[in-house]
file final-v8.tsv (TSV, C-alpha atoms and all ligand atoms)
chain	number	residue	atom	x	y	z
A	1	MET	CA	48.10	22.78	-85.82
A	2	LEU	CA	50.18	24.39	-83.09
A	3	GLU	CA	48.98	24.17	-79.52
A	4	ILE	CA	50.58	26.12	-76.70
A	5	GLN	CA	49.35	24.99	-73.30
A	6	HIS	CA	50.05	26.86	-70.07
A	7	VAL	CA	53.60	27.82	-70.96
A	8	SER	CA	55.60	29.75	-68.36
A	9	LEU	CA	59.24	30.68	-68.71
A	10	THR	CA	61.53	32.39	-66.22
A	11	PHE	CA	65.00	33.75	-66.91
A	12	GLY	CA	67.62	33.75	-64.15
A	13	GLN	CA	65.49	31.78	-61.73
A	14	GLY	CA	66.57	32.28	-58.13
A	15	THR	CA	68.89	35.19	-59.00
A	16	ILE	CA	68.49	38.90	-58.44
A	17	ASN	CA	67.75	39.22	-62.19
A	18	GLU	CA	64.90	36.74	-62.10
A	19	LYS	CA	62.35	37.61	-64.76
A	20	GLN	CA	59.22	35.70	-65.63
A	21	ALA	CA	59.02	36.36	-69.37
A	22	LEU	CA	56.02	34.12	-70.08
A	23	LYS	CA	53.15	33.64	-67.66
A	24	ASN	CA	50.82	30.74	-68.31
A	25	VAL	CA	50.43	31.39	-72.04
A	26	SER	CA	47.91	29.25	-73.92
A	27	PHE	CA	46.63	29.49	-77.47
A	28	THR	CA	46.04	27.34	-80.52
A	29	LEU	CA	46.91	28.09	-84.12
A	30	LYS	CA	44.76	26.35	-86.68
A	31	ASP	CA	46.37	25.16	-89.89
A	32	GLY	CA	46.85	28.13	-92.18
A	33	ASP	CA	46.36	30.73	-89.44
A	34	PHE	CA	48.51	33.81	-90.04
A	35	VAL	CA	48.71	35.52	-86.67
A	36	THR	CA	50.33	38.88	-86.07
A	37	VAL	CA	51.77	39.52	-82.60
A	38	ILE	CA	52.10	42.96	-81.05
A	39	GLY	CA	53.05	44.26	-77.62
A	40	SER	CA	55.47	46.67	-76.01
A	41	ASN	CA	59.17	46.02	-75.55
A	42	GLY	CA	59.90	43.21	-73.17
A	43	SER	CA	56.37	41.82	-73.20
A	44	GLY	CA	57.61	38.35	-74.13
A	45	LYS	CA	57.03	38.20	-77.89
A	46	SER	CA	60.49	36.94	-78.81
A	47	THR	CA	60.52	34.60	-75.83
A	48	LEU	CA	57.25	33.09	-77.03
A	49	LEU	CA	58.71	32.44	-80.48
A	50	ASN	CA	61.94	31.14	-78.95
A	51	SER	CA	60.08	28.73	-76.73
A	52	ILE	CA	58.25	27.35	-79.78
A	53	SER	CA	61.53	26.85	-81.63
A	54	GLY	CA	63.14	25.28	-78.57
A	55	VAL	CA	65.79	27.88	-77.75
A	56	TYR	CA	64.84	27.96	-74.07
A	57	GLU	CA	63.60	25.35	-71.67
A	58	MET	CA	60.16	26.18	-70.27
A	59	ASP	CA	59.35	26.16	-66.54
A	60	CYS	CA	56.18	24.29	-67.33
A	61	GLY	CA	53.59	23.85	-70.03
A	62	ARG	CA	53.34	21.87	-73.24
A	63	ILE	CA	53.74	22.54	-76.94
A	64	PHE	CA	52.05	20.30	-79.50
A	65	LEU	CA	52.67	20.38	-83.24
A	66	ASP	CA	50.09	18.35	-85.16
A	67	ASP	CA	49.24	16.58	-81.92
A	68	VAL	CA	52.86	15.56	-81.31
A	69	ASP	CA	54.26	16.76	-77.99
A	70	ILE	CA	57.47	18.58	-78.92
A	71	SER	CA	57.93	20.22	-75.48
A	72	PHE	CA	61.17	18.36	-74.83
A	73	TRP	CA	62.53	18.21	-78.36
A	74	PRO	CA	65.88	19.97	-78.80
A	75	GLU	CA	66.06	22.99	-81.07
A	76	TYR	CA	67.77	21.20	-83.97
A	77	LYS	CA	65.04	18.57	-84.11
A	78	ARG	CA	62.30	21.21	-84.16
A	79	SER	CA	64.07	23.19	-86.89
A	80	ARG	CA	62.86	20.73	-89.51
A	81	PHE	CA	59.28	21.77	-88.75
A	82	VAL	CA	59.73	25.30	-87.45
A	83	GLY	CA	60.98	27.94	-89.91
A	84	ARG	CA	62.39	31.15	-88.49
A	85	VAL	CA	63.37	34.62	-89.61
A	86	PHE	CA	64.84	36.97	-87.01
A	87	GLN	CA	65.10	40.75	-86.85
A	88	ASP	CA	68.85	40.73	-87.43
A	89	PRO	CA	69.70	40.04	-91.10
A	90	LEU	CA	73.05	38.61	-89.98
A	91	LEU	CA	71.48	35.72	-88.09
A	92	GLY	CA	69.61	33.75	-90.72
A	93	THR	CA	72.37	33.11	-93.24
A	94	ALA	CA	76.05	32.13	-93.21
A	95	TYR	CA	77.94	35.16	-94.54
A	96	ALA	CA	81.12	33.34	-95.57
A	97	MET	CA	79.22	30.82	-97.70
A	98	THR	CA	77.78	31.44	-101.14
A	99	ILE	CA	74.10	32.03	-101.83
A	100	GLU	CA	73.95	28.60	-103.41
A	101	GLU	CA	75.61	26.89	-100.42
A	102	ASN	CA	73.23	28.60	-98.02
A	103	LEU	CA	70.25	27.44	-100.04
A	104	ALA	CA	71.65	23.93	-100.33
A	105	MET	CA	71.95	23.78	-96.53
A	106	ALA	CA	68.33	24.83	-96.20
A	107	LEU	CA	67.32	22.15	-98.67
A	108	MET	CA	69.23	19.50	-96.73
A	109	LYS	CA	67.42	20.38	-93.54
A	110	GLY	CA	64.68	18.07	-94.72
A	111	GLN	CA	66.99	15.10	-95.05
A	112	GLN	CA	68.32	12.67	-92.51
A	113	HIS	CA	72.00	12.73	-93.35
A	114	GLY	CA	74.32	15.62	-92.64
A	115	LEU	CA	76.25	17.85	-95.01
A	116	GLN	CA	76.96	16.36	-98.40
A	117	PRO	CA	79.97	17.49	-100.37
A	118	GLY	CA	79.03	19.45	-103.48
A	119	ILE	CA	75.74	20.43	-105.02
A	120	SER	CA	74.45	18.50	-108.02
A	121	SER	CA	73.63	20.42	-111.19
A	122	LYS	CA	70.01	19.36	-110.79
A	123	GLU	CA	69.92	20.81	-107.28
A	124	SER	CA	71.66	23.92	-108.47
A	125	ALA	CA	69.08	24.46	-111.21
A	126	TYR	CA	66.25	23.95	-108.73
A	127	LEU	CA	67.75	26.43	-106.25
A	128	LYS	CA	68.28	28.97	-109.00
A	129	GLU	CA	64.67	28.67	-110.03
A	130	GLN	CA	63.49	29.14	-106.43
A	131	LEU	CA	65.74	32.16	-106.04
A	132	SER	CA	64.33	33.79	-109.15
A	133	ARG	CA	60.92	33.83	-107.42
A	134	LEU	CA	62.27	36.55	-105.12
A	135	ASP	CA	62.59	38.82	-108.13
A	136	LEU	CA	65.80	40.38	-106.82
A	137	GLY	CA	68.16	39.17	-109.53
A	138	LEU	CA	69.98	36.96	-107.02
A	139	GLU	CA	69.66	33.96	-109.33
A	140	ASP	CA	72.54	35.44	-111.33
A	141	ARG	CA	74.72	35.66	-108.22
A	142	MET	CA	74.57	32.08	-106.95
A	143	LYS	CA	78.33	31.93	-106.38
A	144	ASP	CA	78.50	35.24	-104.50
A	145	LYS	CA	79.19	35.13	-100.78
A	146	VAL	CA	76.13	36.09	-98.74
A	147	GLY	CA	78.28	38.66	-96.92
A	148	LEU	CA	78.10	40.79	-100.07
A	149	LEU	CA	74.31	41.12	-99.91
A	150	SER	CA	72.32	44.00	-98.44
A	151	GLY	CA	70.22	43.48	-95.30
A	152	GLY	CA	67.04	43.33	-97.36
A	153	GLN	CA	68.48	40.78	-99.76
A	154	ARG	CA	69.66	38.67	-96.84
A	155	GLN	CA	66.23	38.75	-95.19
A	156	ALA	CA	64.56	37.77	-98.45
A	157	LEU	CA	67.05	34.92	-98.79
A	158	THR	CA	66.46	33.86	-95.17
A	159	LEU	CA	62.73	33.84	-95.79
A	160	LEU	CA	63.21	31.65	-98.85
A	161	MET	CA	65.54	29.34	-96.88
A	162	ALA	CA	63.03	29.05	-94.05
A	163	THR	CA	60.37	27.91	-96.50
A	164	LEU	CA	62.39	25.95	-99.05
A	165	VAL	CA	61.42	22.80	-97.19
A	166	MET	CA	57.93	23.72	-96.02
A	167	PRO	CA	57.83	24.09	-92.25
A	168	LYS	CA	54.71	23.27	-90.26
A	169	VAL	CA	54.96	26.69	-88.67
A	170	LEU	CA	56.78	29.85	-89.68
A	171	LEU	CA	58.01	32.29	-87.01
A	172	LEU	CA	58.84	35.85	-88.05
A	173	ASP	CA	60.29	38.09	-85.34
A	174	GLU	CA	60.22	41.72	-86.50
A	175	HIS	CA	61.99	40.46	-89.59
A	176	THR	CA	61.77	43.79	-91.42
A	177	ALA	CA	62.47	46.11	-88.46
A	178	ALA	CA	66.17	46.53	-89.27
A	179	LEU	CA	65.62	47.24	-92.97
A	180	ASP	CA	65.25	50.49	-94.91
A	181	PRO	CA	61.62	51.23	-95.88
A	182	ALA	CA	61.91	50.02	-99.49
A	183	SER	CA	63.56	46.72	-98.51
A	184	ALA	CA	61.08	46.26	-95.67
A	185	ARG	CA	58.20	46.66	-98.14
A	186	LYS	CA	59.73	44.16	-100.52
A	187	VAL	CA	60.32	41.57	-97.80
A	188	MET	CA	56.77	42.06	-96.49
A	189	GLU	CA	55.41	41.55	-100.02
A	190	LEU	CA	57.38	38.32	-100.29
A	191	THR	CA	56.12	37.29	-96.87
A	192	ARG	CA	52.50	37.80	-97.90
A	193	GLU	CA	53.09	35.90	-101.13
A	194	ILE	CA	54.97	32.93	-99.68
A	195	VAL	CA	52.68	32.53	-96.67
A	196	GLY	CA	49.56	32.96	-98.81
A	197	LYS	CA	50.55	30.60	-101.59
A	198	ASN	CA	51.53	27.83	-99.19
A	199	GLN	CA	48.84	28.51	-96.58
A	200	LEU	CA	51.61	28.50	-94.01
A	201	THR	CA	50.71	28.58	-90.35
A	202	THR	CA	52.55	31.72	-89.28
A	203	LEU	CA	53.29	33.84	-86.22
A	204	MET	CA	54.64	37.27	-87.14
A	205	VAL	CA	55.82	39.73	-84.49
A	206	THR	CA	55.63	43.32	-85.65
A	207	HIS	CA	56.02	46.76	-84.10
A	208	ASN	CA	53.80	48.23	-86.75
A	209	MET	CA	50.15	48.28	-85.67
A	210	GLN	CA	48.90	48.92	-89.20
A	211	GLN	CA	50.83	45.90	-90.42
A	212	ALA	CA	49.45	43.87	-87.54
A	213	LEU	CA	45.92	44.54	-88.73
A	214	SER	CA	46.47	44.34	-92.47
A	215	TYR	CA	48.45	41.10	-92.55
A	216	GLY	CA	47.08	37.71	-91.61
A	217	ASN	CA	43.73	36.71	-90.14
A	218	ARG	CA	44.27	37.10	-86.42
A	219	THR	CA	46.10	39.45	-84.04
A	220	ILE	CA	47.44	38.68	-80.58
A	221	MET	CA	48.52	41.39	-78.16
A	222	MET	CA	51.01	40.56	-75.41
A	223	ASN	CA	51.80	42.39	-72.22
A	224	GLU	CA	54.01	41.40	-69.31
A	225	GLY	CA	54.36	37.82	-70.45
A	226	GLY	CA	50.72	37.15	-71.18
A	227	ILE	CA	48.23	37.41	-74.02
A	228	ILE	CA	45.86	40.27	-73.25
A	229	LEU	CA	43.96	40.38	-76.51
A	230	ASP	CA	43.18	37.88	-79.27
A	231	LEU	CA	41.32	39.36	-82.23
A	232	GLU	CA	39.91	37.69	-85.31
A	233	GLY	CA	36.94	37.70	-87.65
A	234	GLU	CA	34.62	40.64	-87.78
A	235	GLU	CA	35.95	42.23	-84.61
A	236	ARG	CA	39.38	42.39	-86.21
A	237	GLN	CA	38.10	43.55	-89.57
A	238	ASN	CA	36.45	46.52	-87.92
A	239	MET	CA	39.46	47.34	-85.75
A	240	THR	CA	41.54	50.45	-86.37
A	241	VAL	CA	45.03	51.28	-85.13
A	242	GLU	CA	43.50	53.87	-82.78
A	243	GLY	CA	41.07	51.24	-81.50
A	244	LEU	CA	43.94	48.86	-80.86
A	245	VAL	CA	45.87	51.48	-78.87
A	246	GLU	CA	42.70	52.27	-76.95
A	247	LEU	CA	42.26	48.59	-76.06
A	248	PHE	CA	45.89	48.34	-75.08
A	249	ASN	CA	45.55	51.29	-72.72
A	250	GLN	CA	42.34	49.95	-71.24
A	251	LYS	CA	44.02	46.65	-70.44
A	252	ASN	CA	46.88	48.50	-68.81
A	253	GLN	CA	44.74	51.02	-66.96
A	254	GLY	CA	46.60	53.75	-68.78
A	255	GLU	CA	49.68	53.23	-66.64
A	256	LYS	CA	52.34	53.27	-69.31
A	257	LEU	CA	50.39	55.22	-71.86
A	258	GLU	CA	53.01	57.57	-73.25
A	259	ASN	CA	55.74	55.01	-73.17
A	260	ASP	CA	53.67	52.40	-74.88
A	261	ARG	CA	52.27	54.81	-77.42
A	262	MET	CA	55.81	55.37	-78.55
A	263	LEU	CA	56.83	51.77	-78.45
A	264	LEU	CA	53.81	50.71	-80.43
A	265	GLN	CA	54.71	53.27	-83.08
A	266	LEU	CA	51.50	55.14	-83.49
A	301	LIG	N1	68.12	35.47	-72.71
A	301	LIG	C1	67.55	36.22	-71.77
A	301	LIG	N2	68.05	36.28	-70.52
A	301	LIG	C2	67.47	37.02	-69.55
A	301	LIG	N3	66.36	37.75	-69.73
A	301	LIG	C3	65.79	37.74	-70.95
A	301	LIG	C4	66.37	36.98	-72.04
A	301	LIG	N4	65.59	37.16	-73.13
A	301	LIG	C5	64.60	37.98	-72.75
A	301	LIG	N5	64.71	38.32	-71.46
A	301	LIG	C6	63.78	39.19	-70.70
A	301	LIG	O1	62.48	38.64	-70.82
A	301	LIG	C7	61.51	39.66	-71.04
A	301	LIG	C8	60.83	39.40	-72.38
A	301	LIG	O2	61.75	39.62	-73.41
A	301	LIG	P1	61.42	39.43	-74.95
A	301	LIG	O3	60.68	38.17	-75.14
A	301	LIG	O4	62.68	39.58	-75.70
A	301	LIG	O5	60.45	40.66	-75.23
A	301	LIG	P2	59.91	41.29	-76.60
A	301	LIG	O6	60.39	40.43	-77.71
A	301	LIG	O7	58.44	41.32	-76.46
A	301	LIG	O8	60.47	42.67	-76.66
A	301	LIG	C9	62.27	40.97	-70.97
A	301	LIG	O9	62.17	41.46	-69.66
A	301	LIG	C10	63.69	40.57	-71.30
A	301	LIG	O10	64.60	41.46	-70.69
A	302	MG	MG	61.58	40.85	-79.38

call {"tool": "encode", "arguments": {"input": "final-v8.tsv", "output": "structure tokens"}}
result
Amino acid sequence: MLEIQHVSLTFGQGTINEKQALKNVSFTLKDGDFVTVIGSNGSGKSTLLNSISGVYEMDCGRIFLDDVDISFWPEYKRSRFVGRVFQDPLLGTAYAMTIEENLAMALMKGQQHGLQPGISSKESAYLKEQLSRLDLGLEDRMKDKVGLLSGGQRQALTLLMATLVMPKVLLLDEHTAALDPASARKVMELTREIVGKNQLTTLMVTHNMQQALSYGNRTIMMNEGGIILDLEGEERQNMTVEGLVELFNQKNQGEKLENDRMLLQL
């Protein structure tokens, strides 16, 4: 269970560029919740995910993971429990290392000691088997450098790496936005499969309203650093993309209608 309590976060405090990116955000994810997150550009979605993974220090507030207060844990310590896939396919993997080495690193995340020289044949066989689950033929390219892979292949690999040692929470930040449509579909399929099979507690930011409603069991809408809508159950089941846009505009008194219509990709 992930509990976010009254989290605020300001960039450039005391400078001319001061920006409060999160304003008193609170919500709780139950185990197995798959929550989609939508909102216009700059509404604080990435900052929310980054504050959960410990990239930025919060002004105030608390974050609990399974009742443990991780608010002051450094990023590396949280990474054992928080899996992440970013928008940029270049960020999740090490391009100069082989597929196998990348996977081995992800596997070692769960262990106490640091990098071990070499990968045992048993480990190698296990990693190959895991890789074959992606159904991309990468299991025959274990010794290839990751830099040779396409964006879609890299994102699929990053997703596998993020879940090779099961995290307590998986954070996906527009992880298919930079991919061509076919690769995006494939990575979304894998996402549904991996999250579903493992009942992973997941937060997925998406620009696609249809995706926001068709994936997961709950949808959060952010605006100007706060959560302005939290939909689940029947209300969500009956929601349409048009209805979502309507709600968004209501909450914003129609101020940024055209702009936000575009940004929300209707
Ligand atoms: N590292 C940073 N330094 C300064 N300002 C930032 C930084 N990251 C984000 N911001 C600002 O915080 C606000 C929220 O950004 P972000 O969380 O990236 O929005 P979203 O992901 O919803 O598009 C924006 O105004 C953005 O410009
Ligand atoms: Mg973002």

call {"tool": "closest_residue", "arguments": {"input": "final-v8.tsv", "among": "A:Leu136, A:Leu48, A:Val169, A:Met239", "to": "ligand MG 302 (chain A)", "atoms": "all atoms listed in the file"}}
result
A:Leu48

call {"tool": "residues_near_ligand", "arguments": {"input": "final-v8.tsv", "ligand": "ligand MG 302 (chain A)", "cutoff": "7 Å", "atoms": "all atoms listed in the file", "output": "ChimeraX atom specification"}}
result
/A:41-42,45-46,173

call {"tool": "closest_residue", "arguments": {"input": "final-v8.tsv", "among": "A:Asn249, A:Asn223, A:Thr176, A:Asn208", "to": "A:Lys23", "atoms": "only C-alpha atoms"}}
result
A:Asn223

call {"tool": "residues_around", "arguments": {"input": "final-v8.tsv", "residues": "A:Ala162", "least_positions_apart": "2", "cutoff": "8 Å", "atoms": "all atoms listed in the file", "output": "list in words"}}
result
Gly83, Arg84, Val85, Ala106, Thr158, Leu159, Leu160, Leu164, Val165, Met166, Pro167 and Leu170 of chain A

call {"tool": "closest_atom_pairs", "arguments": {"input": "final-v8.tsv", "of": "chain A", "to": "ligand LIG 301 (chain A)", "cutoff": "9 Å", "atoms": "only C-alpha atoms and all ligand atoms", "output": "tab-separated table"}}
result
residue	atom	partner	partner_atom	distance
A:Leu9	CA	A:LIG301	O1	8.8
A:Thr10	CA	A:LIG301	O1	7.8
A:Phe11	CA	A:LIG301	C2	4.9
A:Gly12	CA	A:LIG301	C2	6.3
A:Asn17	CA	A:LIG301	C2	7.7
A:Glu18	CA	A:LIG301	N3	7.8
A:Lys19	CA	A:LIG301	O1	6.1
A:Gln20	CA	A:LIG301	O1	6.8
A:Ala21	CA	A:LIG301	O1	4.4
A:Leu22	CA	A:LIG301	C8	7.5
A:Ile38	CA	A:LIG301	O7	8.0
A:Gly39	CA	A:LIG301	O7	6.2
A:Ser40	CA	A:LIG301	O7	6.1
A:Asn41	CA	A:LIG301	O8	3.8
A:Gly42	CA	A:LIG301	O5	3.3
A:Ser43	CA	A:LIG301	O7	3.9
A:Gly44	CA	A:LIG301	O3	3.2
A:Lys45	CA	A:LIG301	O7	3.7
A:Ser46	CA	A:LIG301	O6	3.7
A:Thr47	CA	A:LIG301	O3	3.6
A:Leu48	CA	A:LIG301	O3	6.4
A:Leu49	CA	A:LIG301	O3	8.1
A:Asn50	CA	A:LIG301	O3	8.1
A:Tyr56	CA	A:LIG301	N1	8.3
A:Asp173	CA	A:LIG301	O6	8.0
A:Glu174	CA	A:LIG301	O6	8.9
A:Val205	CA	A:LIG301	O6	8.2
A:Met222	CA	A:LIG301	O7	7.5
A:Asn223	CA	A:LIG301	O7	8.0
A:Glu224	CA	A:LIG301	C8	7.7
A:Gly225	CA	A:LIG301	C8	6.9

call {"tool": "residues_around", "arguments": {"input": "final-v8.tsv", "residues": "A:Gln199", "least_positions_apart": "3", "cutoff": "10 Å", "atoms": "all atoms listed in the file", "output": "list in words"}}
result
Asp31, Gly32, Asp33, Phe34, Glu193, Ile194, Val195, Gly196 and Thr202 of chain A

call {"tool": "residues_around", "arguments": {"input": "final-v8.tsv", "residues": "A:Arg236", "least_positions_apart": "4", "cutoff": "10 Å", "atoms": "only C-alpha atoms", "output": "PyMOL selection string"}}
result
chain A and resi 213-214+217-219+230-232+240+244

call {"tool": "closest_residue", "arguments": {"input": "final-v8.tsv", "among": "A:Cys60, A:Val37, A:Leu229, A:Met97", "to": "A:His6", "atoms": "all atoms listed in the file"}}
result
A:Cys60

call {"tool": "build_atoms", "arguments": {"input": "final-v8.tsv", "residues": "stretch 215-225 of chain A", "atoms": "all heavy atoms", "output": "PDB file, in the coordinates of the input"}}
result
ATOM      1  N   TYR A 215      47.928  42.414 -92.177  1.00  0.00           N
ATOM      2  CA  TYR A 215      48.450  41.100 -92.550  1.00  0.00           C
ATOM      3  C   TYR A 215      47.765  40.023 -91.726  1.00  0.00           C
ATOM      4  O   TYR A 215      47.447  40.242 -90.550  1.00  0.00           O
ATOM      5  CB  TYR A 215      49.964  41.021 -92.311  1.00  0.00           C
ATOM      6  CG  TYR A 215      50.751  41.709 -93.386  1.00  0.00           C
ATOM      7  CD1 TYR A 215      50.850  43.098 -93.406  1.00  0.00           C
ATOM      8  CD2 TYR A 215      51.366  40.989 -94.403  1.00  0.00           C
ATOM      9  CE1 TYR A 215      51.541  43.747 -94.418  1.00  0.00           C
ATOM     10  CE2 TYR A 215      52.068  41.633 -95.418  1.00  0.00           C
ATOM     11  CZ  TYR A 215      52.150  43.001 -95.418  1.00  0.00           C
ATOM     12  OH  TYR A 215      52.826  43.639 -96.411  1.00  0.00           O
ATOM     13  N   GLY A 216      47.592  38.855 -92.351  1.00  0.00           N
ATOM     14  CA  GLY A 216      47.080  37.710 -91.610  1.00  0.00           C
ATOM     15  C   GLY A 216      45.605  37.775 -91.288  1.00  0.00           C
ATOM     16  O   GLY A 216      44.878  38.642 -91.765  1.00  0.00           O
ATOM     17  N   ASN A 217      45.158  36.832 -90.446  1.00  0.00           N
ATOM     18  CA  ASN A 217      43.730  36.710 -90.140  1.00  0.00           C
ATOM     19  C   ASN A 217      43.436  36.825 -88.654  1.00  0.00           C
ATOM     20  O   ASN A 217      42.294  36.689 -88.226  1.00  0.00           O
ATOM     21  CB  ASN A 217      43.196  35.360 -90.653  1.00  0.00           C
ATOM     22  CG  ASN A 217      43.854  34.183 -89.951  1.00  0.00           C
ATOM     23  OD1 ASN A 217      45.086  34.113 -89.880  1.00  0.00           O
ATOM     24  ND2 ASN A 217      43.071  33.289 -89.402  1.00  0.00           N
ATOM     25  N   ARG A 218      44.485  37.067 -87.865  1.00  0.00           N
ATOM     26  CA  ARG A 218      44.270  37.100 -86.420  1.00  0.00           C
ATOM     27  C   ARG A 218      45.396  37.910 -85.780  1.00  0.00           C
ATOM     28  O   ARG A 218      46.521  37.884 -86.277  1.00  0.00           O
ATOM     29  CB  ARG A 218      44.294  35.654 -85.913  1.00  0.00           C
ATOM     30  CG  ARG A 218      44.022  35.450 -84.455  1.00  0.00           C
ATOM     31  CD  ARG A 218      43.951  33.944 -84.200  1.00  0.00           C
ATOM     32  NE  ARG A 218      44.092  33.624 -82.796  1.00  0.00           N
ATOM     33  CZ  ARG A 218      44.350  32.408 -82.322  1.00  0.00           C
ATOM     34  NH1 ARG A 218      44.493  31.382 -83.153  1.00  0.00           N
ATOM     35  NH2 ARG A 218      44.472  32.206 -81.034  1.00  0.00           N
ATOM     36  N   THR A 219      45.082  38.642 -84.712  1.00  0.00           N
ATOM     37  CA  THR A 219      46.100  39.450 -84.040  1.00  0.00           C
ATOM     38  C   THR A 219      46.088  39.180 -82.536  1.00  0.00           C
ATOM     39  O   THR A 219      45.030  39.195 -81.908  1.00  0.00           O
ATOM     40  CB  THR A 219      45.856  40.959 -84.288  1.00  0.00           C
ATOM     41  OG1 THR A 219      45.974  41.220 -85.692  1.00  0.00           O
ATOM     42  CG2 THR A 219      46.865  41.821 -83.535  1.00  0.00           C
ATOM     43  N   ILE A 220      47.284  38.920 -82.017  1.00  0.00           N
ATOM     44  CA  ILE A 220      47.440  38.680 -80.580  1.00  0.00           C
ATOM     45  C   ILE A 220      48.233  39.841 -79.985  1.00  0.00           C
ATOM     46  O   ILE A 220      49.224  40.282 -80.580  1.00  0.00           O
ATOM     47  CB  ILE A 220      48.194  37.345 -80.338  1.00  0.00           C
ATOM     48  CG1 ILE A 220      47.253  36.153 -80.522  1.00  0.00           C
ATOM     49  CG2 ILE A 220      48.817  37.308 -78.956  1.00  0.00           C
ATOM     50  CD1 ILE A 220      47.977  34.826 -80.425  1.00  0.00           C
ATOM     51  N   MET A 221      47.767  40.340 -78.836  1.00  0.00           N
ATOM     52  CA  MET A 221      48.520  41.390 -78.160  1.00  0.00           C
ATOM     53  C   MET A 221      49.080  40.834 -76.859  1.00  0.00           C
ATOM     54  O   MET A 221      48.364  40.205 -76.084  1.00  0.00           O
ATOM     55  CB  MET A 221      47.595  42.574 -77.866  1.00  0.00           C
ATOM     56  CG  MET A 221      48.305  43.788 -77.299  1.00  0.00           C
ATOM     57  SD  MET A 221      47.114  45.044 -76.785  1.00  0.00           S
ATOM     58  CE  MET A 221      46.777  45.861 -78.336  1.00  0.00           C
ATOM     59  N   MET A 222      50.384  41.061 -76.644  1.00  0.00           N
ATOM     60  CA  MET A 222      51.010  40.560 -75.410  1.00  0.00           C
ATOM     61  C   MET A 222      51.371  41.701 -74.481  1.00  0.00           C
ATOM     62  O   MET A 222      51.666  42.817 -74.918  1.00  0.00           O
ATOM     63  CB  MET A 222      52.277  39.768 -75.739  1.00  0.00           C
ATOM     64  CG  MET A 222      51.993  38.459 -76.435  1.00  0.00           C
ATOM     65  SD  MET A 222      53.463  37.422 -76.555  1.00  0.00           S
ATOM     66  CE  MET A 222      53.706  36.971 -74.831  1.00  0.00           C
ATOM     67  N   ASN A 223      51.323  41.427 -73.207  1.00  0.00           N
ATOM     68  CA  ASN A 223      51.800  42.390 -72.220  1.00  0.00           C
ATOM     69  C   ASN A 223      52.271  41.635 -70.985  1.00  0.00           C
ATOM     70  O   ASN A 223      51.587  40.720 -70.515  1.00  0.00           O
ATOM     71  CB  ASN A 223      50.683  43.366 -71.850  1.00  0.00           C
ATOM     72  CG  ASN A 223      51.226  44.542 -71.068  1.00  0.00           C
ATOM     73  OD1 ASN A 223      52.220  45.149 -71.458  1.00  0.00           O
ATOM     74  ND2 ASN A 223      50.610  44.846 -69.950  1.00  0.00           N
ATOM     75  N   GLU A 224      53.445  42.009 -70.516  1.00  0.00           N
ATOM     76  CA  GLU A 224      54.010  41.400 -69.310  1.00  0.00           C
ATOM     77  C   GLU A 224      53.896  39.881 -69.292  1.00  0.00           C
ATOM     78  O   GLU A 224      53.459  39.291 -68.310  1.00  0.00           O
ATOM     79  CB  GLU A 224      53.372  42.027 -68.074  1.00  0.00           C
ATOM     80  CG  GLU A 224      53.767  43.492 -67.976  1.00  0.00           C
ATOM     81  CD  GLU A 224      53.237  44.173 -66.717  1.00  0.00           C
ATOM     82  OE1 GLU A 224      52.549  43.501 -65.933  1.00  0.00           O
ATOM     83  OE2 GLU A 224      53.528  45.361 -66.557  1.00  0.00           O
ATOM     84  N   GLY A 225      54.271  39.270 -70.408  1.00  0.00           N
ATOM     85  CA  GLY A 225      54.360  37.820 -70.450  1.00  0.00           C
ATOM     86  C   GLY A 225      53.067  37.080 -70.667  1.00  0.00           C
ATOM     87  O   GLY A 225      53.044  35.844 -70.602  1.00  0.00           O
TER      88      GLY A 225
END
